[in-house]
file structure.csv (CSV, C-alpha atoms)
chain,number,residue,atom,x,y,z
O,1,MET,CA,51.6,-93.8,17.9
O,2,GLU,CA,48.9,-91.7,19.6
O,3,SER,CA,49.9,-88.9,21.9
O,4,ALA,CA,48.9,-89.1,25.6
O,5,LEU,CA,45.5,-87.6,26.5
O,6,PRO,CA,46.2,-83.9,27.3
O,7,LEU,CA,45.3,-82.8,30.8
O,8,SER,CA,42.5,-80.3,31.2
O,9,PRO,CA,43.4,-76.8,32.5
O,10,ASN,CA,41.8,-77.5,35.9
O,11,VAL,CA,43.8,-80.7,36.3
O,12,ARG,CA,47.0,-79.0,35.3
O,13,GLY,CA,46.2,-76.1,37.7
O,14,SER,CA,45.4,-78.5,40.5
O,15,LEU,CA,48.7,-80.4,40.0
O,16,LEU,CA,50.6,-77.1,40.0
O,17,MET,CA,48.9,-76.0,43.2
O,18,ALA,CA,49.8,-79.3,44.9
O,19,ALA,CA,53.4,-78.9,43.7
O,20,ALA,CA,53.5,-75.3,45.1
O,21,MET,CA,52.2,-76.7,48.5
O,22,ALA,CA,55.0,-79.3,48.5
O,23,GLY,CA,57.6,-76.6,47.8
O,24,PHE,CA,56.3,-74.3,50.6
O,25,THR,CA,56.1,-77.1,53.1
O,26,MET,CA,59.6,-78.4,52.3
O,27,ASN,CA,60.8,-74.9,52.9
O,28,ASP,CA,59.0,-74.9,56.3
O,29,ALA,CA,60.7,-78.2,57.1
O,30,ILE,CA,64.1,-76.8,56.2
O,31,THR,CA,63.5,-73.7,58.2
O,32,LYS,CA,62.5,-75.7,61.3
O,33,ALA,CA,65.6,-78.0,60.9
O,34,VAL,CA,68.0,-75.1,60.5
O,35,SER,CA,66.5,-73.3,63.5
O,36,SER,CA,68.6,-75.6,65.7
O,37,GLU,CA,71.7,-73.9,64.4
O,38,MET,CA,70.6,-70.2,64.2
O,39,ASN,CA,67.7,-67.9,65.2
O,40,PHE,CA,64.9,-67.3,62.7
O,41,GLY,CA,66.0,-63.6,62.1
O,42,GLN,CA,69.3,-65.0,60.7
O,43,ILE,CA,67.3,-67.5,58.6
O,44,MET,CA,65.2,-64.6,57.2
O,45,LEU,CA,68.4,-62.7,56.3
O,46,VAL,CA,70.4,-65.5,54.7
O,47,ARG,CA,67.4,-67.0,52.9
O,48,GLY,CA,66.3,-63.6,51.9
O,49,VAL,CA,69.6,-62.5,50.3
O,50,VAL,CA,69.5,-65.6,48.0
O,51,ALA,CA,65.8,-65.0,47.2
O,52,ILE,CA,66.4,-61.4,46.4
O,53,ALA,CA,69.1,-62.3,43.9
O,54,LEU,CA,66.8,-64.9,42.2
O,55,ILE,CA,63.7,-62.7,42.2
O,56,ALA,CA,65.5,-59.5,41.0
O,57,ALA,CA,67.0,-61.4,38.1
O,58,LEU,CA,63.6,-62.8,37.2
O,59,ALA,CA,61.8,-59.5,37.6
O,60,TRP,CA,64.5,-57.7,35.4
O,61,HIS,CA,64.2,-60.4,32.8
O,62,ARG,CA,60.4,-60.0,32.6
O,63,GLY,CA,60.5,-56.2,32.8
O,64,ALA,CA,58.6,-56.1,36.1
O,65,ILE,CA,60.8,-53.4,37.8
O,66,ARG,CA,58.9,-50.3,38.7
O,67,PRO,CA,59.8,-46.9,40.4
O,68,LEU,CA,60.1,-47.0,44.2
O,69,ARG,CA,57.3,-44.4,44.4
O,70,THR,CA,55.0,-47.3,43.8
O,71,LEU,CA,55.7,-48.2,47.4
O,72,VAL,CA,53.8,-45.2,48.7
O,73,MET,CA,50.5,-46.7,47.5
O,74,LYS,CA,48.6,-47.6,50.6
O,75,PRO,CA,47.6,-51.2,49.5
O,76,VAL,CA,51.2,-51.9,48.5
O,77,ALA,CA,52.6,-50.7,51.9
O,78,LEU,CA,49.9,-52.6,53.8
O,79,ARG,CA,50.6,-55.8,51.9
O,80,VAL,CA,54.3,-55.5,52.6
O,81,ALA,CA,53.7,-54.8,56.3
O,82,GLY,CA,51.3,-57.7,56.5
O,83,GLU,CA,53.8,-60.1,54.9
O,84,VAL,CA,56.7,-58.9,57.2
O,85,LEU,CA,54.7,-59.2,60.4
O,86,GLY,CA,53.1,-62.5,59.2
O,87,THR,CA,56.6,-63.9,58.4
O,88,VAL,CA,58.1,-63.0,61.8
O,89,THR,CA,55.2,-64.5,63.8
O,90,PHE,CA,54.9,-67.5,61.5
O,91,LEU,CA,58.6,-68.4,62.0
O,92,ALA,CA,58.3,-67.9,65.7
O,93,ALA,CA,55.5,-70.5,65.7
O,94,ILE,CA,57.0,-73.0,63.3
O,95,VAL,CA,60.3,-73.4,65.2
O,96,HIS,CA,58.4,-74.4,68.3
O,97,LEU,CA,55.4,-76.2,67.0
O,98,PRO,CA,55.0,-79.4,65.0
O,99,LEU,CA,54.8,-78.7,61.3
O,100,ALA,CA,51.3,-80.3,61.0
O,101,ASN,CA,49.9,-78.1,63.8
O,102,THR,CA,51.1,-74.9,62.2
O,103,ALA,CA,49.9,-76.0,58.8
O,104,ALA,CA,46.5,-77.0,60.2
O,105,ILE,CA,46.0,-73.6,61.9
O,106,PHE,CA,46.8,-71.9,58.6
O,107,GLN,CA,44.1,-73.8,56.7
O,108,ALA,CA,41.7,-71.2,58.3
O,109,LEU,CA,43.3,-68.4,56.4
O,110,PRO,CA,40.8,-68.4,53.5
O,111,LEU,CA,38.0,-68.3,56.1
O,112,ALA,CA,39.7,-65.3,57.7
O,113,VAL,CA,40.0,-63.6,54.4
O,114,THR,CA,36.3,-64.1,53.7
O,115,LEU,CA,35.5,-62.7,57.2
O,116,GLY,CA,37.8,-59.7,56.5
O,117,ALA,CA,36.2,-59.1,53.1
O,118,ALA,CA,32.8,-59.1,54.7
O,119,LEU,CA,33.7,-56.7,57.5
O,120,MET,CA,36.0,-54.3,55.6
O,121,PHE,CA,34.6,-54.3,52.1
O,122,GLY,CA,31.0,-55.2,52.8
O,123,GLU,CA,31.1,-58.3,50.6
O,124,PRO,CA,27.9,-60.3,51.0
O,125,VAL,CA,28.3,-63.5,53.1
O,126,GLY,CA,25.2,-65.8,53.5
O,127,TRP,CA,24.4,-67.6,56.7
O,128,ARG,CA,25.9,-70.9,55.4
O,129,ARG,CA,29.3,-69.3,54.9
O,130,TRP,CA,29.1,-67.5,58.3
O,131,LEU,CA,28.4,-71.0,59.8
O,132,ALA,CA,31.5,-72.4,57.9
O,133,ILE,CA,33.6,-69.5,59.3
O,134,VAL,CA,32.5,-70.1,62.8
O,135,LEU,CA,33.0,-73.9,62.5
O,136,GLY,CA,36.5,-73.3,61.0
O,137,PHE,CA,37.6,-71.2,63.9
O,138,ILE,CA,36.2,-73.8,66.4
O,139,GLY,CA,38.5,-76.2,64.6
O,140,VAL,CA,41.4,-73.8,65.2
O,141,LEU,CA,40.5,-73.7,68.9
O,142,ILE,CA,40.5,-77.5,69.1
O,143,ILE,CA,44.0,-77.5,67.8
O,144,VAL,CA,45.2,-74.6,69.9
O,145,ARG,CA,43.5,-75.9,73.1
O,146,PRO,CA,43.5,-72.7,75.1
O,147,GLY,CA,43.5,-73.2,78.8
O,148,VAL,CA,44.1,-77.0,78.8
O,149,GLU,CA,47.2,-79.1,79.4
O,150,GLY,CA,48.1,-79.5,75.7
O,151,PHE,CA,48.2,-75.7,75.1
O,152,ASN,CA,51.3,-74.4,73.5
O,153,GLN,CA,51.7,-70.6,73.7
O,154,PHE,CA,53.4,-70.5,70.4
O,155,SER,CA,50.1,-71.5,68.8
O,156,LEU,CA,49.1,-67.9,69.5
O,157,PHE,CA,51.9,-66.7,67.1
O,158,ALA,CA,50.4,-68.9,64.4
O,159,LEU,CA,47.0,-67.3,65.0
O,160,VAL,CA,48.5,-63.8,64.9
O,161,SER,CA,50.3,-64.7,61.7
O,162,VAL,CA,47.0,-65.8,60.2
O,163,PHE,CA,45.6,-62.3,61.0
O,164,PHE,CA,48.5,-60.5,59.3
O,165,CYS,CA,48.4,-62.8,56.3
O,166,ALA,CA,44.7,-62.0,55.9
O,167,VAL,CA,45.5,-58.3,56.0
O,168,ARG,CA,48.2,-59.0,53.3
O,169,ASP,CA,45.7,-60.9,51.1
O,170,LEU,CA,42.9,-58.2,51.5
O,171,ALA,CA,45.4,-55.5,50.7
O,172,THR,CA,46.6,-57.4,47.6
O,173,ARG,CA,43.1,-57.2,46.2
O,174,ARG,CA,43.3,-53.4,46.3
O,175,ILE,CA,46.6,-53.1,44.4
O,176,PRO,CA,46.1,-51.8,40.9
O,177,ALA,CA,46.4,-54.4,38.2
O,178,GLN,CA,49.2,-52.5,36.4
O,179,VAL,CA,51.6,-53.2,39.3
O,180,PRO,CA,53.3,-56.5,38.4
O,181,SER,CA,53.0,-59.2,41.1
O,182,LEU,CA,56.7,-60.0,40.6
O,183,PHE,CA,57.7,-56.4,41.6
O,184,ILE,CA,55.5,-56.7,44.7
O,185,THR,CA,57.2,-60.0,45.6
O,186,LEU,CA,60.7,-58.4,45.1
O,187,VAL,CA,59.8,-55.4,47.4
O,188,THR,CA,58.4,-57.7,50.0
O,189,THR,CA,61.5,-60.0,49.9
O,190,VAL,CA,63.8,-57.0,50.4
O,191,THR,CA,61.6,-55.8,53.3
O,192,VAL,CA,61.4,-59.2,55.0
O,193,THR,CA,65.2,-59.6,54.6
O,194,ILE,CA,65.8,-56.2,56.3
O,195,ALA,CA,63.4,-57.2,59.1
O,196,GLY,CA,65.3,-60.4,59.6
O,197,ALA,CA,68.6,-58.5,59.9
O,198,ALA,CA,66.9,-56.1,62.5
O,199,ILE,CA,65.8,-58.9,64.8
O,200,ILE,CA,69.0,-61.0,64.8
O,201,VAL,CA,70.5,-59.3,67.8
O,202,PRO,CA,67.4,-59.3,70.0
O,203,LEU,CA,67.0,-63.0,69.2
O,204,GLY,CA,70.6,-63.8,70.4
O,205,GLY,CA,73.0,-62.5,67.8
O,206,TRP,CA,74.7,-63.9,64.8
O,207,THR,CA,75.9,-67.5,64.7
O,208,PRO,CA,78.3,-68.5,61.9
O,209,PRO,CA,76.3,-70.9,59.7
O,210,SER,CA,77.7,-74.3,58.8
O,211,PRO,CA,78.1,-75.2,55.1
O,212,ARG,CA,75.1,-77.6,55.5
O,213,ALA,CA,72.9,-74.9,56.9
O,214,LEU,CA,73.9,-72.5,54.1
O,215,GLY,CA,73.2,-75.1,51.5
O,216,LEU,CA,69.8,-75.9,53.0
O,217,LEU,CA,68.8,-72.2,53.1
O,218,VAL,CA,69.8,-71.8,49.4
O,219,LEU,CA,67.6,-74.8,48.7
O,220,ALA,CA,64.8,-73.2,50.7
O,221,ALA,CA,65.0,-70.0,48.7
O,222,VAL,CA,64.8,-71.9,45.5
O,223,LEU,CA,61.8,-73.9,46.7
O,224,LEU,CA,60.0,-70.7,47.7
O,225,LEU,CA,60.5,-69.3,44.2
O,226,ILE,CA,59.3,-72.5,42.6
O,227,GLY,CA,56.3,-72.6,44.9
O,228,TYR,CA,55.5,-68.9,44.2
O,229,GLN,CA,55.7,-69.5,40.4
O,230,CYS,CA,53.6,-72.7,40.6
O,231,VAL,CA,50.8,-70.8,42.5
O,232,ILE,CA,50.8,-68.0,39.9
O,233,MET,CA,50.7,-70.6,37.0
O,234,ALA,CA,48.0,-72.6,38.8
O,235,LEU,CA,45.7,-69.7,39.3
O,236,ARG,CA,46.2,-68.6,35.7
O,237,THR,CA,45.8,-72.1,34.3
O,238,GLY,CA,42.6,-73.4,36.0
O,239,ASP,CA,39.5,-71.9,37.6
O,240,ILE,CA,40.3,-70.6,41.1
O,241,SER,CA,37.3,-72.5,42.5
O,242,ALA,CA,38.7,-75.8,41.1
O,243,VAL,CA,42.4,-75.1,41.9
O,244,ALA,CA,42.3,-73.3,45.3
O,245,PRO,CA,41.0,-76.3,47.3
O,246,PHE,CA,44.3,-78.1,46.5
O,247,ARG,CA,46.1,-75.7,48.8
O,248,TYR,CA,44.8,-78.1,51.6
O,249,SER,CA,47.4,-80.6,50.3
O,250,ALA,CA,49.9,-78.6,52.4
O,251,LEU,CA,48.4,-80.3,55.4
O,252,LEU,CA,49.2,-83.7,54.1
O,253,TRP,CA,52.7,-82.7,53.2
O,254,ALA,CA,53.2,-81.2,56.6
O,255,MET,CA,52.0,-84.3,58.4
O,256,LEU,CA,54.3,-86.5,56.2
O,257,LEU,CA,57.4,-84.4,56.5
O,258,GLY,CA,56.7,-83.8,60.2
O,259,TYR,CA,56.7,-87.5,60.8
O,260,LEU,CA,59.7,-88.4,58.5
O,261,VAL,CA,62.0,-85.5,59.5
O,262,PHE,CA,61.0,-84.7,63.1
O,263,GLY,CA,59.2,-87.8,64.3
O,264,ASP,CA,56.0,-85.8,65.0
O,265,VAL,CA,52.8,-87.9,65.2
O,266,PRO,CA,49.6,-85.8,65.1
O,267,ASP,CA,47.3,-86.5,68.0
O,268,ALA,CA,43.5,-87.0,67.8
O,269,MET,CA,42.8,-83.3,68.8
O,270,MET,CA,44.9,-82.0,65.9
O,271,VAL,CA,43.4,-84.4,63.4
O,272,THR,CA,39.9,-83.5,64.6
O,273,GLY,CA,40.5,-79.7,64.5
O,274,ALA,CA,42.2,-79.9,61.1
O,275,SER,CA,39.4,-82.0,59.6
O,276,ILE,CA,36.8,-79.4,60.8
O,277,ILE,CA,38.8,-76.5,59.3
O,278,VAL,CA,39.3,-78.2,55.9
O,279,LEU,CA,35.7,-79.3,55.6
O,280,SER,CA,34.6,-75.8,56.5
O,281,GLY,CA,36.9,-74.3,54.0
O,282,LEU,CA,35.8,-76.6,51.2
O,283,TYR,CA,32.1,-75.9,52.0
O,284,ALA,CA,32.8,-72.2,51.8
O,285,PHE,CA,34.4,-72.8,48.3
O,286,TYR,CA,31.3,-74.8,47.3
O,287,ARG,CA,28.9,-72.0,48.4
O,288,GLU,CA,30.9,-69.5,46.3
O,289,ARG,CA,30.5,-71.7,43.2
O,290,LYS,CA,26.8,-72.4,44.1
O,291,ARG,CA,26.1,-68.7,44.1
O,292,HIS,CA,27.8,-68.3,40.7
O,293,ARG,CA,30.2,-65.7,42.0
O,294,PRO,CA,33.9,-65.7,41.4
O,295,VAL,CA,35.9,-67.1,44.3
O,296,ALA,CA,37.7,-64.3,46.1
O,297,ALA,CA,41.4,-64.0,45.1
O,298,GLY,CA,42.3,-64.2,48.8
O,299,ALA,CA,40.7,-67.7,48.9
O,300,SER,CA,43.9,-69.1,47.6
O,301,GLY,CA,45.8,-67.2,50.4
O,302,LEU,CA,48.9,-68.9,51.7
O,303,PRO,CA,51.0,-68.7,54.8
O,304,PRO,CA,53.9,-66.2,54.6
O,305,ASP,CA,56.4,-67.7,52.3
O,306,GLY,CA,59.3,-65.4,53.3
O,307,LEU,CA,59.1,-63.7,49.9
call {"tool": "encode", "arguments": {"input": "structure.csv", "output": "structure tokens"}}
result
Amino acid sequence: MESALPLSPNVRGSLLMAAAMAGFTMNDAITKAVSSEMNFGQIMLVRGVVAIALIAALAWHRGAIRPLRTLVMKPVALRVAGEVLGTVTFLAAIVHLPLANTAAIFQALPLAVTLGAALMFGEPVGWRRWLAIVLGFIGVLIIVRPGVEGFNQFSLFALVSVFFCAVRDLATRRIPAQVPSLFITLVTTVTVTIAGAAIIVPLGGWTPPSPRALGLLVLAAVLLLIGYQCVIMALRTGDISAVAPFRYSALLWAMLLGYLVFGDVPDAMMVTGASIIVLSGLYAFYRERKRHRPVAAGASGLPPDGL
């Protein structure tokens, strides 16, 4: 009996990226659901404690633990700060916005990273990609709708989170290769968890979690770790230019889960803005490949995953 036709590296990488997006989006849905019982600082703390245990065990197993002096490296410190601030503002947005709206705004993150790389590192960006960046942010404005009746001020938190995540991704590109990504993840997880503990009181104090909420947050931490590992495997398996566009599947997952779990139905403005953002991002990827240059590592940038 003949064996099944093996999948190409790019197909495997694309499937892994789609699986990662499913894991991250299910985590977002759980976070939003549990936010009815506790504030998001408490969510960061409880979920973070579980994540620390899982990631520390994995890092120890893989020999990825490094001295704490590694943290004094400017890129490492900047990455951790970007992730912490990005997580806080992201959770502030997601507990008050439909899942699909938050996910759609975050599809502009690769464009923000491209913009940041051009401004901070002097990376060349042709007029076509500048046009894609401008159109992408027009798509964001269509979703946010500043100054009109449908405007939700929590959309601004999502925008601020995009900025901090762009800082995180740009800083990551300056971290020396000898620093294991798993160690950076562990350090970030610890810092995010401490930040969550620090904001519990300002957000209303501690609420004893129900067994259901605790179980869901444990599941969320596991989904985050699975998503993180799937992203790493995806980027190592296939070409970034082929794999990274599948991060946009997060929007489809967000629309589906938002409808099934919360009854959210995306309106025409959200769909229009999201379509513009996704098309702009895909065109930017296309131009990178057309110029025969490697797609920036930050192009696979993701919303803060709480790690």
call {"tool": "atom_distance", "arguments": {"input": "structure.csv", "atom1": "atom CA of O:Met44", "atom2": "atom CA of O:Val192"}}
result
7.0 Å
call {"tool": "residues_around", "arguments": {"input": "structure.csv", "residues": "O:Thr191", "least_positions_apart": "5", "cutoff": "9 Å", "atoms": "only C-alpha atoms", "output": "VMD selection string"}}
result
chain O and resid 80 to 81 84 186 196 307
call {"tool": "residues_around", "arguments": {"input": "structure.csv", "residues": "O:Leu115", "least_positions_apart": "6", "cutoff": "10 Å", "atoms": "all atoms listed in the file", "output": "PDB file with C-alpha atoms, in the coordinates of the input"}}
result
ATOM      1  CA  LEU O 109      43.300 -68.400  56.400  1.00  0.00           C
ATOM      2  CA  PHE O 121      34.600 -54.300  52.100  1.00  0.00           C
ATOM      3  CA  GLY O 122      31.000 -55.200  52.800  1.00  0.00           C
ATOM      4  CA  GLU O 123      31.100 -58.300  50.600  1.00  0.00           C
ATOM      5  CA  VAL O 125      28.300 -63.500  53.100  1.00  0.00           C
ATOM      6  CA  ARG O 129      29.300 -69.300  54.900  1.00  0.00           C
ATOM      7  CA  TRP O 130      29.100 -67.500  58.300  1.00  0.00           C
ATOM      8  CA  ILE O 133      33.600 -69.500  59.300  1.00  0.00           C
ATOM      9  CA  VAL O 134      32.500 -70.100  62.800  1.00  0.00           C
ATOM     10  CA  ALA O 166      44.700 -62.000  55.900  1.00  0.00           C
TER      11      ALA O 166
END
call {"tool": "closest_residue", "arguments": {"input": "structure.csv", "among": "O:Arg128, O:Arg145, O:Lys74, O:Arg236", "to": "O:Arg168", "atoms": "all atoms listed in the file"}}
result
O:Lys74
call {"tool": "closest_residue", "arguments": {"input": "structure.csv", "among": "O:Ile276, O:Ala171, O:Leu71, O:Leu7", "to": "O:Ala132", "atoms": "all atoms listed in the file"}}
result
O:Ile276
call {"tool": "closest_atom_pairs", "arguments": {"input": "structure.csv", "of": "stretch 181-257 of chain O", "to": "stretch 19-35 of chain O", "cutoff": "9 Å", "atoms": "all atoms listed in the file", "output": "CSV"}}
result
residue,atom,partner,partner_atom,distance
O:Ala213,CA,O:Val34,CA,6.1
O:Leu216,CA,O:Ile30,CA,6.6
O:Leu217,CA,O:Ile30,CA,7.3
O:Leu219,CA,O:Asn27,CA,8.0
O:Ala220,CA,O:Asn27,CA,4.9
O:Ala221,CA,O:Asn27,CA,7.7
O:Val222,CA,O:Gly23,CA,8.9
O:Leu223,CA,O:Gly23,CA,5.1
O:Leu224,CA,O:Phe24,CA,5.9
O:Leu225,CA,O:Gly23,CA,8.6
O:Ile226,CA,O:Gly23,CA,6.8
O:Gly227,CA,O:Ala20,CA,3.9
O:Tyr228,CA,O:Ala20,CA,6.8
O:Gln229,CA,O:Ala20,CA,7.8
O:Cys230,CA,O:Ala20,CA,5.2
O:Val231,CA,O:Ala20,CA,5.9
O:Ala234,CA,O:Ala20,CA,8.8
O:Phe246,CA,O:Met21,CA,8.3
O:Arg247,CA,O:Met21,CA,6.2
O:Tyr248,CA,O:Met21,CA,8.1
O:Ser249,CA,O:Met21,CA,6.4
O:Ala250,CA,O:Met21,CA,4.9
O:Leu251,CA,O:Thr25,CA,8.6
O:Trp253,CA,O:Ala22,CA,6.2
O:Ala254,CA,O:Thr25,CA,6.1
O:Leu257,CA,O:Ala29,CA,7.0
call {"tool": "closest_residue", "arguments": {"input": "structure.csv", "among": "O:Pro110, O:Ala18, O:Arg62, O:Val46", "to": "O:Pro208", "atoms": "only C-alpha atoms"}}
result
O:Val46
call {"tool": "closest_residue", "arguments": {"input": "structure.csv", "among": "O:Gly205, O:Gly63, O:Gly139, O:Pro6", "to": "O:Gly273", "atoms": "all atoms listed in the file"}}
result
O:Gly139
call {"tool": "residues_around", "arguments": {"input": "structure.csv", "residues": "O:Ser155", "least_positions_apart": "6", "cutoff": "8 Å", "atoms": "only C-alpha atoms", "output": "list in words"}}
result
Ala93, Leu97, Thr102 and Val144 of chain O
call {"tool": "closest_residue", "arguments": {"input": "structure.csv", "among": "O:Leu54, O:Ile277, O:Ile194, O:Met73", "to": "O:Ile105", "atoms": "all atoms listed in the file"}}
result
O:Ile277
call {"tool": "atom_distance", "arguments": {"input": "structure.csv", "atom1": "atom CA of O:Phe40", "atom2": "atom CA of O:Ile143"}}
result
23.8 Å
call {"tool": "residues_around", "arguments": {"input": "structure.csv", "residues": "O:Phe183", "least_positions_apart": "6", "cutoff": "12 Å", "atoms": "all atoms listed in the file", "output": "VMD selection string"}}
result
chain O and resid 52 55 to 68 70 to 71 76 80 175 177 189 to 190 307
call {"tool": "atom_distance", "arguments": {"input": "structure.csv", "atom1": "atom CA of O:Phe163", "atom2": "atom CA of O:Asp264"}}
result
26.0 Å
call {"tool": "closest_residue", "arguments": {"input": "structure.csv", "among": "O:Met255, O:Val218, O:Val167, O:Leu135", "to": "O:Ala284", "atoms": "only C-alpha atoms"}}
result
O:Leu135
call {"tool": "residues_around", "arguments": {"input": "structure.csv", "residues": "O:Met233", "least_positions_apart": "5", "cutoff": "9 Å", "atoms": "all atoms listed in the file", "output": "VMD selection string"}}
result
chain O and resid 13 16 to 17 228 238
call {"tool": "write_last_selection", "arguments": {"input": "structure.csv", "atoms": "C-alpha atoms", "output": "short mmCIF file (atom, residue, chain, number, x, y, z; two decimals), in the frame of the given file"}}
result
data_model
loop_
_atom_site.label_atom_id
_atom_site.label_comp_id
_atom_site.auth_asym_id
_atom_site.auth_seq_id
_atom_site.Cartn_x
_atom_site.Cartn_y
_atom_site.Cartn_z
CA GLY O 13 46.20 -76.10 37.70
CA LEU O 16 50.60 -77.10 40.00
CA MET O 17 48.90 -76.00 43.20
CA TYR O 228 55.50 -68.90 44.20
CA GLY O 238 42.60 -73.40 36.00
#
